[in-house]
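Below is upload22.txt, holding compact mmCIF, C-alpha atoms.
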# COMPACT_ATOMS: atom_id res chain seq x y z
CA MET A 126 -49.82 59.11 48.60
CA SER A 127 -49.93 56.02 50.79
CA GLU A 128 -46.91 54.62 52.63
CA LEU A 129 -46.94 51.60 50.32
CA GLU A 130 -46.86 53.85 47.23
CA LYS A 131 -43.94 55.84 48.67
CA LEU A 132 -41.98 52.64 49.37
CA THR A 133 -42.76 51.38 45.87
CA ASN A 134 -41.46 54.58 44.26
CA LYS A 135 -38.33 54.49 46.43
CA THR A 136 -37.69 50.85 45.50
CA ILE A 137 -38.01 51.60 41.78
CA GLN A 138 -35.61 54.54 42.24
CA LEU A 139 -33.07 52.37 44.10
CA LEU A 140 -33.24 49.67 41.43
CA SER A 141 -32.54 52.30 38.78
CA GLU A 142 -29.57 53.57 40.78
CA ARG A 143 -28.29 50.02 41.22
CA ARG A 144 -28.37 49.45 37.46
CA GLN A 145 -26.45 52.67 36.88
CA LYS A 146 -23.88 51.93 39.60
CA THR A 147 -23.42 48.39 38.27
CA GLU A 148 -22.64 49.75 34.80
CA GLN A 149 -20.27 52.31 36.30
CA LEU A 150 -18.54 49.60 38.34
CA GLU A 151 -18.00 47.43 35.28
CA ALA A 152 -16.48 50.39 33.43
CA ALA A 153 -14.34 51.35 36.45
CA GLU A 154 -13.03 47.80 36.87
CA LYS A 155 -12.15 47.65 33.19
CA GLY A 156 -10.40 51.02 33.40
CA ALA A 157 -8.47 50.02 36.55
CA CYS A 158 -7.44 46.75 34.91
CA ASN A 159 -6.11 48.54 31.82
CA GLU A 160 -4.31 51.09 34.00
CA PHE A 161 -2.58 48.32 35.90
CA LEU A 162 -1.65 46.33 32.78
CA ASN A 163 -0.42 49.35 30.86
CA PHE A 164 1.33 51.34 33.60
CA GLY A 165 1.55 48.99 36.56
CA LYS A 166 -0.47 51.39 38.69
CA MET A 167 -3.20 50.08 40.99
CA LYS A 168 -6.07 52.60 41.07
CA ALA A 169 -8.97 50.90 42.77
CA GLY A 170 -10.42 53.88 44.64
CA LYS A 171 -13.38 54.45 42.33
CA THR A 172 -14.06 50.72 42.11
CA LEU A 173 -14.09 50.33 45.89
CA LYS A 174 -16.35 53.39 46.26
CA LEU A 175 -18.88 52.00 43.77
CA MET A 176 -18.81 48.57 45.42
CA ALA A 177 -19.53 50.20 48.78
CA GLU A 178 -22.39 52.22 47.29
CA LEU A 179 -23.88 49.09 45.75
CA ARG A 180 -23.75 47.33 49.13
CA VAL A 181 -25.63 50.25 50.68
CA ILE A 182 -28.25 50.15 47.91
CA ASP A 183 -28.71 46.39 48.37
CA ALA A 184 -29.09 46.86 52.12
CA ALA A 185 -31.65 49.61 51.53
CA LEU A 186 -33.62 47.36 49.16
CA THR A 187 -33.66 44.57 51.74
CA ALA A 188 -34.83 46.98 54.45
CA GLY A 189 -37.45 48.29 52.04
CA GLU A 190 -38.85 44.79 51.55
CA GLU A 191 -39.28 44.46 55.33
CA ARG A 192 -40.85 47.91 55.61
CA ARG A 193 -43.25 47.03 52.80
CA VAL A 194 -44.76 44.19 54.86
CA ASP A 195 -45.04 46.49 57.90
CA ALA A 196 -46.75 49.12 55.74
CA ILE A 197 -49.28 46.57 54.52
CA ARG A 198 -50.00 45.53 58.12
CA ARG A 199 -50.55 49.15 59.13
CA ALA A 200 -52.78 49.77 56.11
CA ALA A 201 -54.81 46.64 56.95
CA ALA A 202 -55.17 47.75 60.57
CA ASP A 203 -56.24 51.21 59.41
CA GLU A 204 -58.81 49.75 57.03
CA ALA A 205 -60.11 47.43 59.77
CA GLY A 206 -60.44 50.44 62.07
CA LYS A 207 -62.50 52.30 59.47
CA LEU A 208 -64.78 49.29 59.03
CA LEU A 209 -65.29 49.06 62.80
CA ALA A 210 -66.03 52.79 62.89
CA GLN A 211 -68.73 52.27 60.25
CA ALA A 212 -70.12 49.40 62.33
CA GLU A 213 -70.21 51.66 65.39
CA VAL A 214 -72.21 54.30 63.50
CA LYS A 215 -74.74 51.67 62.50
CA ARG A 216 -74.80 50.34 66.06
CA ARG A 217 -75.78 53.81 67.32
CA GLU A 218 -78.41 53.99 64.58
CA LEU A 219 -79.75 50.62 65.71
CA SER A 220 -79.82 51.73 69.34
CA ALA A 221 -81.82 54.85 68.45
CA LEU A 222 -84.24 52.76 66.40
CA GLU A 223 -84.69 50.23 69.22
CA ASN A 224 -85.48 53.05 71.64
CA LYS A 225 -88.29 54.16 69.35
CA THR A 226 -89.63 50.68 68.63
CA GLY A 227 -89.37 49.86 72.34
CA LYS A 228 -91.84 52.62 73.15
CA LEU A 229 -94.19 51.46 70.40
CA LEU A 230 -93.98 47.85 71.62
CA ALA A 231 -94.80 49.05 75.16
CA ASP A 232 -97.94 50.79 73.83
CA LEU A 233 -98.86 47.68 71.85
CA SER A 234 -98.38 45.53 74.97
CA LYS A 235 -100.85 47.72 76.86
CA LEU A 236 -103.40 47.48 74.09
CA GLU A 237 -103.07 43.72 73.64
CA GLY A 238 -102.45 42.81 77.27
CA VAL A 239 -99.36 40.84 76.21
CA ALA A 240 -95.71 41.71 76.85
CA TYR A 241 -94.33 42.21 73.36
CA THR A 242 -90.56 42.21 72.87
CA PRO A 243 -88.31 42.94 69.85
CA ALA A 244 -88.51 39.20 69.19
CA ILE A 245 -91.68 39.81 67.16
CA LEU A 246 -89.57 41.81 64.68
CA GLU A 247 -87.15 38.90 64.36
CA ALA A 248 -90.14 36.69 63.54
CA GLN A 249 -90.96 38.88 60.54
CA PRO A 250 -90.60 36.83 57.31
CA LYS A 251 -87.33 37.70 55.60
CA GLY A 252 -87.20 38.52 51.93
CA ASP A 253 -87.28 41.45 49.55
CA VAL A 254 -89.68 43.54 47.49
CA PHE A 255 -89.86 40.86 44.82
CA THR A 256 -91.13 38.17 47.18
CA GLY A 257 -93.45 40.45 49.10
CA ALA A 258 -91.65 39.99 52.43
CA TYR A 259 -89.49 42.71 53.93
CA ILE A 260 -86.52 42.82 56.28
CA PRO A 261 -87.12 45.12 59.29
CA ASN A 262 -84.66 47.99 59.58
CA SER A 263 -83.39 46.64 62.89
CA ALA A 264 -82.60 43.25 61.33
CA ARG A 265 -80.97 44.93 58.33
CA LEU A 266 -78.76 47.02 60.61
CA ARG A 267 -77.72 43.96 62.63
CA ASN A 268 -76.79 42.18 59.40
CA GLU A 269 -74.76 45.17 58.21
CA ILE A 270 -72.98 45.48 61.57
CA SER A 271 -72.13 41.79 61.53
CA ALA A 272 -70.82 41.99 57.95
CA LEU A 273 -68.64 45.03 58.72
CA GLU A 274 -67.18 43.41 61.83
CA SER A 275 -66.50 40.21 59.89
CA ARG A 276 -64.71 42.16 57.14
CA ALA A 277 -62.67 44.01 59.77
CA ARG A 278 -61.54 40.74 61.37
CA GLU A 279 -60.65 39.27 57.98
CA THR A 280 -58.79 42.40 56.88
CA ASP A 281 -56.70 42.59 60.04
CA ARG A 282 -56.20 38.84 60.46
CA HIS A 283 -53.17 38.14 58.28
CA ILE A 284 -51.28 39.13 55.16
CA PRO A 285 -51.59 36.52 52.41
CA ALA A 286 -48.36 35.00 51.12
CA SER A 287 -49.85 34.08 47.76
CA GLY A 288 -51.30 36.17 44.97
CA SER A 289 -51.16 37.14 41.33
CA VAL A 290 -50.64 40.20 39.14
CA ASP A 291 -51.96 40.46 35.58
CA VAL A 292 -50.88 43.73 34.01
CA THR A 293 -50.11 45.03 30.51
CA VAL A 294 -47.30 47.62 30.49
CA SER A 295 -44.26 48.66 28.47
CA THR A 296 -41.46 48.61 31.05
CA PRO A 297 -40.21 46.29 33.82
CA ASP A 298 -40.50 49.15 36.33
CA GLU A 299 -44.23 49.47 35.68
CA PHE A 300 -44.60 45.73 36.21
CA LEU A 301 -42.57 45.84 39.43
CA SER A 302 -44.64 48.76 40.66
CA ALA A 303 -47.82 46.72 40.23
CA VAL A 304 -46.31 43.77 42.13
CA LEU A 305 -44.92 45.93 44.95
CA GLN A 306 -48.30 47.58 45.51
CA TYR A 307 -50.11 44.24 45.71
CA ARG A 308 -51.23 43.85 49.32
CA ALA A 309 -49.60 40.52 50.07
CA GLU A 310 -46.20 39.08 50.85
CA ILE A 311 -44.43 38.65 47.53
CA PRO A 312 -41.33 36.81 46.27
CA THR A 313 -38.04 38.59 46.92
CA LEU A 314 -37.02 41.35 44.53
CA ASN A 315 -34.05 39.30 43.38
CA GLU A 316 -36.31 36.34 42.56
CA ILE A 317 -38.72 38.53 40.58
CA LEU A 318 -35.88 40.25 38.69
CA SER A 319 -34.21 36.91 37.99
CA TRP A 320 -37.50 35.50 36.64
CA HIS A 321 -37.89 38.53 34.39
CA GLU A 322 -34.32 38.27 33.10
CA ASP A 323 -34.74 34.54 32.37
CA CYS A 324 -37.91 35.26 30.38
CA GLU A 325 -36.24 38.06 28.41
CA ALA A 326 -33.21 35.86 27.74
CA GLN A 327 -35.55 33.53 25.87
CA ALA A 328 -36.97 36.50 23.95
CA ARG A 329 -33.45 37.53 22.86
CA LYS A 330 -33.08 34.19 21.14
CA ARG A 331 -35.88 35.27 18.79
CA GLN A 332 -35.16 38.99 18.71
CA GLN A 333 -31.80 40.45 19.64
CA THR A 334 -33.28 43.44 21.46
CA GLY A 335 -35.44 41.25 23.67
CA PHE A 336 -38.61 42.96 24.86
CA GLY A 337 -37.27 46.41 24.03
CA ASN A 338 -40.02 49.00 24.44
CA LEU A 339 -42.72 46.64 23.26
CA GLU A 340 -45.89 46.44 25.31
CA ARG A 341 -46.11 43.15 27.14
CA ARG A 342 -48.59 41.34 29.36
CA TYR A 343 -47.16 40.10 32.63
CA ARG A 344 -48.94 37.27 34.41
CA LEU A 345 -47.14 36.55 37.68
CA PHE A 346 -48.44 33.98 40.15
CA TRP A 347 -46.84 33.06 43.45
CA ARG A 348 -47.57 30.73 46.37
CA ASN A 349 -45.95 31.06 49.78
CA ARG A 350 -43.75 33.81 48.35
CA LYS A 351 -42.38 31.52 45.63
CA ILE A 352 -43.03 32.20 41.94
CA ASP A 353 -45.26 29.66 40.23
CA THR A 354 -43.12 29.37 37.11
CA GLU A 355 -45.51 26.96 35.44
CA ASN A 356 -48.31 29.51 35.27
CA SER A 357 -46.33 32.77 35.18
CA SER A 358 -45.50 34.25 31.79
CA ILE A 359 -44.78 37.34 29.72
CA PHE A 360 -46.65 37.76 26.44
CA VAL A 361 -45.35 40.32 23.92
CA LEU A 362 -48.00 41.19 21.36
CA GLY A 363 -45.53 43.13 19.19
CA MET A 364 -43.36 40.05 18.81
CA ALA A 365 -46.41 37.94 17.97
CA ARG A 366 -47.19 40.40 15.15
CA MET A 367 -43.60 40.24 13.89
CA LEU A 368 -43.64 36.46 13.82
CA ASN A 369 -46.98 36.39 12.01
CA PRO A 370 -48.57 39.69 10.86
CA ASP A 371 -51.94 38.07 10.22
CA PRO A 372 -54.10 39.21 13.21
CA VAL A 373 -56.20 36.07 12.89
CA GLN A 374 -53.15 33.88 13.30
CA TYR A 375 -50.84 35.75 15.65
CA ASP A 376 -48.09 33.44 16.88
CA ILE A 377 -49.12 33.70 20.53
CA GLY A 378 -47.18 30.66 21.69
CA SER A 379 -43.87 31.84 20.24
CA ALA A 380 -44.36 35.29 21.82
CA THR A 381 -45.15 33.94 25.29
CA PHE A 382 -42.12 33.49 27.53
CA LYS A 383 -41.90 31.36 30.64
CA VAL A 384 -39.15 29.99 32.86
CA ALA A 385 -38.67 26.31 32.21
Can you present the structure in this file as structure tokens?
Amino acid sequence: MSELEKLTNKTIQLLSERRQKTEQLEAAEKGACNEFLNFGKMKAGKTLKLMAELRVIDAALTAGEERRVDAIRRAAADEAGKLLAQAEVKRRELSALENKTGKLLADLSKLEGVAYTPAILEAQPKGDVFTGAYIPNSARLRNEISALESRARETDRHIPASGSVDVTVSTPDEFLSAVLQYRAEIPTLNEILSWHEDCEAQARKRQQTGFGNLERRYRLFWRNRKIDTENSSIFVLGMARMLNPDPVQYDIGSATFKVA
């Protein structure tokens, strides 16, 4: 399991714990309030403990967001290193090939009385088997080395701050997992969760249970770590079927939720 996957799983776990602690805090506050009103006794110990635990969870989630970016950087550097290692293997292969062709060119030079160099291979017409022209192995290897080194530079250059996730799942945690494992800087967890809650609030206006356990398609777009609310949406096929059971005329618009 990669470092990014481990951080994703830990984040999902912490979010679950935060939901549970939040519910417990609400119940504890209500209980303490009733205790005070009924008996005049102030019992805030459990409430204070839960508030402290929630602060720790929030701090851990914030630290996790920072570690996530570091993990992506390390993964990118590791991938770039592997690409450069592949390029080095091909460079050794090219060197061995040039040693062999160098000897053959030396023999050809003696026969022809002209100093031939590898430049005659570069002059070979480029093409493929369909055009009748062929790329020499040395030229092919140089192209492959150049492509690998270019990919390595691009991979290790920077982490994008924009991206998109298009995933069909049945729970918010599955959606969050897909976003968290996307190799880019993403909006903050609070922004993503707020966006999701705003979308589901609209769904509750049409169905009291909101999304429930219905499968839904998440389309989340972001630019510079900010959610593109105009293009981001959640489509719930089950709700479209409820609104219009005719599969030819599913009410797609009424089952697609966006933040205004």
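The nearest approach to A:Leu175 among the residues A:Ala326, A:Ala153, A:Ile377, A:Ala385, with all atoms listed in the file taken into account, belongs to A:Ala153.
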One decimal place gives the atom CA of A:Gln211-atom CA of A:Leu229 separation as 27.4 Å
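The smallest atom-to-atom distance between A:Val181 and any of A:Val290, A:Phe336, A:Arg143, A:Ala196, using all atoms listed in the file, is found for A:Arg143.
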message = List the spatial neighbours of A:Ser358 as a PyMOL selection string - criterion: any atom at most 12 Å away, only C-alpha atoms, same-chain residues fewer than 4 positions off excluded.
response = chain A and resi 289-293+317+320-325+327-328+341-347+352-354+377-385
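Atom pair atom CA of A:Arg282 / atom CA of A:Leu266 has a distance of 24.0 Å (rounded to one decimal).
Distance-wise, atom CA of A:Phe300 and atom CA of A:Asp376 end up 23.2 Å apart.
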